[in-house]
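Participant: Structure below; questions to follow.
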Amino acid sequence: MTQHVARPARRGRSKQGVTRSLQVAFFLFPFFSLFLLFTVVPVVYTAGLSLFSEQSDGGLGLGGTQTIFVGFANYLSALTSPEFMTSFLTIGAYCLIYIPLLMGLSLVLAMVLDSLVERARKYFQLSLYLPNIVPGIIASVIWLYLYTPGISPLTDAFGALGLEWSLDGQPQAIFAVMNITIWAHLGYNVVLFYSALQAVPRDVLEAGLIDGAGPTKTAVSIKLPLISGTVGLAVLFTVIGAVQLFAEPFLLRSRATSITSTWTPNMFIYNAAFERHDFGLAAAASVLFAVIIGLASYFVTRASNLNGQRS
Amino acid sequence: MKLRKVSAALAATVITAGMLAGCSVTPAPEEESGPVELTFWSWLRNTDKVVEAFNESHENIQVKFEQIPGGADAITKVVNAARAGDAPDIFTVDYSVVSELATQGILQDISDLADEDIASSFPEGIASLVQFGGGTWSVPLDAGALQLFYRADRFEELGIDVPTTWDEYKTAAAAVIAADPNSRIGSSQALDTPALLSALAWQSGAQWASIDGEAWGLDLADEATVKAIDFQQELVDEGLVWTDPGNVLGQKAAAGTYLSLISGTWQAAGLATSFPDQAGLWRVAPVPTWDGKPASAMYGGSSYGITADSAHREAAYEFIKWMTQSPESIQARMGDGGASLLPAATDLIPTAAASYDPAFYGGQDIYAEAQASLESINPGWVWNPATSVTNTALLDAVNKWKASGGVLSDSLEAVTATTEANLTSRGIAVAD
């Protein structure tokens with residue numbers, strides 16, 4: 001680093017520099033300490049935990065367990081577990097439908113919101129966002145009741161329309177879960193895209209209008225490319241969140257017969273840790289899962305970067 | 001450069017602080033001056049009154065009680081606390097998870113403290129649930145002896161006789177529908193509740209787990225279980241029972257279209273609380289059996305165990321003994337008449353009966369029925385050390401059967417195999 005600017009007196013500069021650094025440190029400290037304590041330390045601990053296993057001494061096992069070092073045996077066991085692999089297929093199918101549907105719906109709603117009258121806009125913004133503040137578990141419990149024939153008005157309505165209500169079967173289970181998650185996350189993404197749309201310069205839109213672009217053409221060819229950065233970010237967050245699906249299928253298990261105890265990767269990890277008491281396997285599965293999420297994020301970011309470059 | 005150095009120093013400090021925070025400093029054992037302090041976790045009703053009564057009557061031991069949520073969450077909480085090193089001294093443990101916790105090293109062997117009392121106070125069928133593999137792992141409190149709770153007025157109205165055998169139960173089920181198409185004699189709840197399904201298999205004469213020398217033997221697909229499960233499937237396939245989930249069944253019971261249920265003695269108070277307007281209409285009968293001779297099992301019921309890390313085992317056992325074998329504790333627990341606990345200690349049954357007002361059952365002596373059921377529990381049942389895995393596998397099998405049909409009892413072999421695989425992966429010996 002070459003200095004082109006003349007340095008002032010050394011003493012004065014160090015004092016200013018130190019104060020400056022301290023100020024920065026003061027503001028960064030809360031984040032970094034929490035980040036290290038609650039993210040980095042547990043991750044390192046889990047990675048360590050994944051190399052051990054609790055084994056009984058043979059026999060009846062009533063003497064308790066010992067923690068022994070097993071190296072990568074837990075990883076092998078996770079990779080060869082058919083339930084774990086199937087859970088990735090399930091979550092893959094879920095994401096393939098959920099992400100385009102959520103993103104598409106959010107974009108359309110955001111565009112519509114953008115063209116609405118001011119008062120209507122505020123009302124719709126609020127009502128779309130409200131489901132997002134309901135915690136996932138509570139939302140699942142409410143939807144559980146709404147999915148119960150005999151109690152729910154929805155299922156009765158189905159019957160009235162002559163359709164049979166049944167949550168048996170994999171597609172029905174996926175759609176039932178997807179219904180809850182889209183309901184919960186739509187508002188957040190709509191608000192996100194709507195805010196991004198506000199940053200679109202009005203003169204570009206006017207230029208488009210003058211050139212004879214109708215509302216759909218404006219939306220698709222002008223607005224969308226200009227907010228592509230935000231869309232890329234939203235897709236990234238949605239992917240990371242969707243892949244970690246847990247609360248909704250966990251609670252819906254009793255209604256949807258195709259949801260097993262290891263339906264999604266997170267459910268497999270929970271089952272391994274708390275029902276099978278195999279913390280080593282759960283830790284190894286978590287590490288593998290994190291690596292896969294990391295890879296997915298990498299590819300999503302690359303894809304959106306390429307998109308950005310093209311436009 | 002300065003900023004980078006500062007950030008690096010910051011990171012180093014925080015990491016070190018984090019690691020130090022992870023290490024807990026174990027306090028040196030102090031000389032006890034004053035009463036022994038015990039920590040106790042439970043979710044059972046009125047435990048706070050029981051603890052209060054104990055603390056008042058015992059100066060040398062004081063118990064600190066913490067209420068925890070019941071069900072599977074309780075076990076997770078205790079296991080996590082044991083790993084973290086701050087498990088309570090005593091906690092409530094369902095019979096079905098005693099062997100599971102014993103093999104996890106959470107419960108300690110209390111044969112030297114408890115064996116004599118258990119032999120003299122508790123029936124054999126219950127003792128085998130807590131004494132196995134050469135050790136004693138907990139002390140029984142109560143038993144959820146299976147009983148049939150039924151709407152006597154509706155039975156009379158529809159001309160149904162109380163069934164004493166399972167064949168009679170099936171006939172009665174058909175008769176109910178013939179007399180009132182909107183009612184059913186019972187439900188398929190057993191299929192959705194692994195603990196109740198286990199109880200029905202147990203009552204049928206099954207022994208899912210056994211100890212063969214130094215290894216566990218597992219067989220869920222024996223004749224008795226297949227018979228019991230095939231019967232439950234028949235009831236569903238022929239439309240003889242309701243197949244709704246629990247909350248819908250509650251509605252139907254309130255409406256008087258769900259006429260009987262099979263459950264443990266503790267359910268008696270539960271029904272009274274849920275349907276107060278049906279007081280005097282319910283009665284209790286022995287659970288139907290295959291051959292008409294009394295045979296019963298347990299659905300629910302808790303015991304008390306001492307954790308492996310506890311430093312006060314004698315004091316802890318004194319507290320447990322008081323809770324499970326003294327009339328004062330039963331009176332404290334059942335004083336408000338809102339619980340229908342059946343003590344496993346047969347001597348305490350009269351005390352419990354005196355504390356419970358069976359007005360909801362038209363004054364019927366339900367404790368006499370409960371005791372008869374308790375005494376006819378099939379002896380020799382043992383819970384395997386991977387009951388959570390068995391229960392999950394059973395639920396998965398039932399769900400699969402609901403979705404794609406077939407014969408439910410065919411999946412019992414797979415459930416056995418899943419459980420055995422889990423035991424083997426934990427290093428526990430499984431007999432062939």
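Chains: A, B, ... in order of the structure tokens. Residues: from 1 per chain. Ligands: from 1, in order shown.
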I want to know what sits within 12 Å of B:Gly250, based on only C-alpha atoms, with residues of the same chain fewer than 5 positions away left out; could you give that as a ChimeraX atom specification?
Facilitator: /A:150-151 /B:186-187,189,242,244-245,255-261,270-271,274-275
Participant: Extract, using only C-alpha atoms, all DNA, RNA and protein residues at most 7 Å from B:Ser121, discarding same-chain residues fewer than 4 positions from it, and format them as a list of chain:residue names.
Facilitator: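 Here the qualifying residues turn out to be B:Asp117, B:Ala345, B:Thr346.
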Participant: Tell me which protein, DNA and RNA residues are within 8 Å of B:Ser303, counting only C-alpha atoms, leaving out same-chain ones fewer than 2 positions away, and put them as a PyMOL selection string.
Facilitator: chain B and resi 92-95+138-142+301+305
Participant: Once you count only C-alpha atoms, which residues of chain B turn out to be within 6 Å of chain A? Could you give them as a ChimeraX atom specification?
Facilitator: /B:3,14,18,102-105,214-215,388,396,399,403,426-429
Participant: Okay, now the selection with N, CA and C atoms, as a PDB file, in the first residue's frame?
Facilitator:
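Produced file out_23.pdb, reproduced below:
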ATOM      1  N   LEU B   3      -7.039  -1.936  11.794  1.00  0.00           N
ATOM      2  CA  LEU B   3      -8.386  -2.486  11.938  1.00  0.00           C
ATOM      3  C   LEU B   3      -8.335  -4.015  11.911  1.00  0.00           C
ATOM      4  N   VAL B  14     -12.840 -13.318  21.959  1.00  0.00           N
ATOM      5  CA  VAL B  14     -14.197 -13.872  22.034  1.00  0.00           C
ATOM      6  C   VAL B  14     -14.174 -15.397  21.955  1.00  0.00           C
ATOM      7  N   GLY B  18     -15.502 -17.835  24.678  1.00  0.00           N
ATOM      8  CA  GLY B  18     -16.500 -18.844  24.355  1.00  0.00           C
ATOM      9  C   GLY B  18     -16.098 -20.228  24.846  1.00  0.00           C
ATOM     10  N   ALA B 102     -32.074 -46.627  31.363  1.00  0.00           N
ATOM     11  CA  ALA B 102     -31.046 -47.392  32.076  1.00  0.00           C
ATOM     12  C   ALA B 102     -29.872 -47.670  31.143  1.00  0.00           C
ATOM     13  N   THR B 103     -30.162 -47.982  29.863  1.00  0.00           N
ATOM     14  CA  THR B 103     -29.060 -48.274  28.942  1.00  0.00           C
ATOM     15  C   THR B 103     -28.354 -47.021  28.484  1.00  0.00           C
ATOM     16  N   GLN B 104     -28.949 -45.855  28.723  1.00  0.00           N
ATOM     17  CA  GLN B 104     -28.280 -44.616  28.373  1.00  0.00           C
ATOM     18  C   GLN B 104     -27.408 -44.143  29.527  1.00  0.00           C
ATOM     19  N   GLY B 105     -27.475 -44.861  30.636  1.00  0.00           N
ATOM     20  CA  GLY B 105     -26.676 -44.467  31.786  1.00  0.00           C
ATOM     21  C   GLY B 105     -27.294 -43.322  32.567  1.00  0.00           C
ATOM     22  N   GLU B 214     -27.456 -62.738  28.549  1.00  0.00           N
ATOM     23  CA  GLU B 214     -26.800 -61.444  28.430  1.00  0.00           C
ATOM     24  C   GLU B 214     -27.221 -60.727  27.160  1.00  0.00           C
ATOM     25  N   ALA B 215     -28.378 -61.076  26.617  1.00  0.00           N
ATOM     26  CA  ALA B 215     -28.818 -60.400  25.399  1.00  0.00           C
ATOM     27  C   ALA B 215     -30.317 -60.172  25.462  1.00  0.00           C
ATOM     28  N   SER B 388     -38.641 -46.001  22.007  1.00  0.00           N
ATOM     29  CA  SER B 388     -38.959 -44.858  21.135  1.00  0.00           C
ATOM     30  C   SER B 388     -38.887 -45.285  19.676  1.00  0.00           C
ATOM     31  N   ASP B 396     -45.148 -45.404  11.839  1.00  0.00           N
ATOM     32  CA  ASP B 396     -44.867 -45.368  10.398  1.00  0.00           C
ATOM     33  C   ASP B 396     -45.584 -46.511   9.696  1.00  0.00           C
ATOM     34  N   ASN B 399     -49.301 -45.772   9.459  1.00  0.00           N
ATOM     35  CA  ASN B 399     -49.541 -44.763   8.425  1.00  0.00           C
ATOM     36  C   ASN B 399     -49.470 -45.372   7.038  1.00  0.00           C
ATOM     37  N   ALA B 403     -52.462 -45.703   4.228  1.00  0.00           N
ATOM     38  CA  ALA B 403     -52.361 -45.142   2.886  1.00  0.00           C
ATOM     39  C   ALA B 403     -52.533 -46.198   1.799  1.00  0.00           C
ATOM     40  N   ARG B 426     -26.235 -49.483  18.769  1.00  0.00           N
ATOM     41  CA  ARG B 426     -25.838 -48.853  20.029  1.00  0.00           C
ATOM     42  C   ARG B 426     -24.914 -49.746  20.832  1.00  0.00           C
ATOM     43  N   GLY B 427     -24.564 -50.900  20.271  1.00  0.00           N
ATOM     44  CA  GLY B 427     -23.637 -51.792  20.967  1.00  0.00           C
ATOM     45  C   GLY B 427     -24.322 -52.678  21.994  1.00  0.00           C
ATOM     46  N   ILE B 428     -25.647 -52.862  21.886  1.00  0.00           N
ATOM     47  CA  ILE B 428     -26.366 -53.709  22.837  1.00  0.00           C
ATOM     48  C   ILE B 428     -26.610 -55.060  22.178  1.00  0.00           C
ATOM     49  N   ALA B 429     -26.412 -56.127  22.955  1.00  0.00           N
ATOM     50  CA  ALA B 429     -26.505 -57.468  22.381  1.00  0.00           C
ATOM     51  C   ALA B 429     -27.952 -57.864  22.147  1.00  0.00           C
TER      52      ALA B 429
END
Participant: Which is closest to A:Thr155 among A:Gly232, A:Trp143, A:Leu245, A:Phe69, if we use only C-alpha atoms?
Facilitator: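 Checking each candidate against A:Thr155, we get A:Trp143 as the closest.
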Participant: Would you mind listing what lies within 9 Å of A:Ile293 as a list in words, with only C-alpha atoms counted and same-chain residues fewer than 4 positions away left out?
Facilitator: Val239, Ile240, Val243, Gln244, Leu288, Phe289, Ser297 and Tyr298 of chain A
Participant: Let's have the selection written as an mmCIF file, in the first residue's frame, with C-alpha atoms.
Facilitator:
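Ended up saving to part_35.cif:
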data_model
loop_
_atom_site.group_PDB
_atom_site.id
_atom_site.type_symbol
_atom_site.label_atom_id
_atom_site.label_comp_id
_atom_site.auth_asym_id
_atom_site.auth_seq_id
_atom_site.Cartn_x
_atom_site.Cartn_y
_atom_site.Cartn_z
ATOM 1 C CA VAL A 239 -33.739 -22.067 -1.034
ATOM 2 C CA ILE A 240 -31.796 -22.088 2.234
ATOM 3 C CA VAL A 243 -34.456 -27.056 2.326
ATOM 4 C CA GLN A 244 -34.514 -26.909 6.130
ATOM 5 C CA LEU A 288 -23.423 -33.299 5.450
ATOM 6 C CA PHE A 289 -26.653 -31.327 5.244
ATOM 7 C CA SER A 297 -26.290 -21.603 -2.195
ATOM 8 C CA TYR A 298 -23.140 -21.451 -4.283
#
Participant: Write out as a list in words the set of residues from stretch 120-217 of chain B that DSSP, computed on the backbone, places in strand (DSSP E).
Facilitator: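 Everything in stretch 120-217 of chain B that counts as strand (DSSP E) is Gln131, Phe132, Gly135, Thr136, Val139, Pro140, Leu146, Gln147, Leu148, Phe149, Tyr150, Arg151, Ala209, Ser210, Ile211, Asp212, Ala215, Trp216 and Gly217 of chain B.
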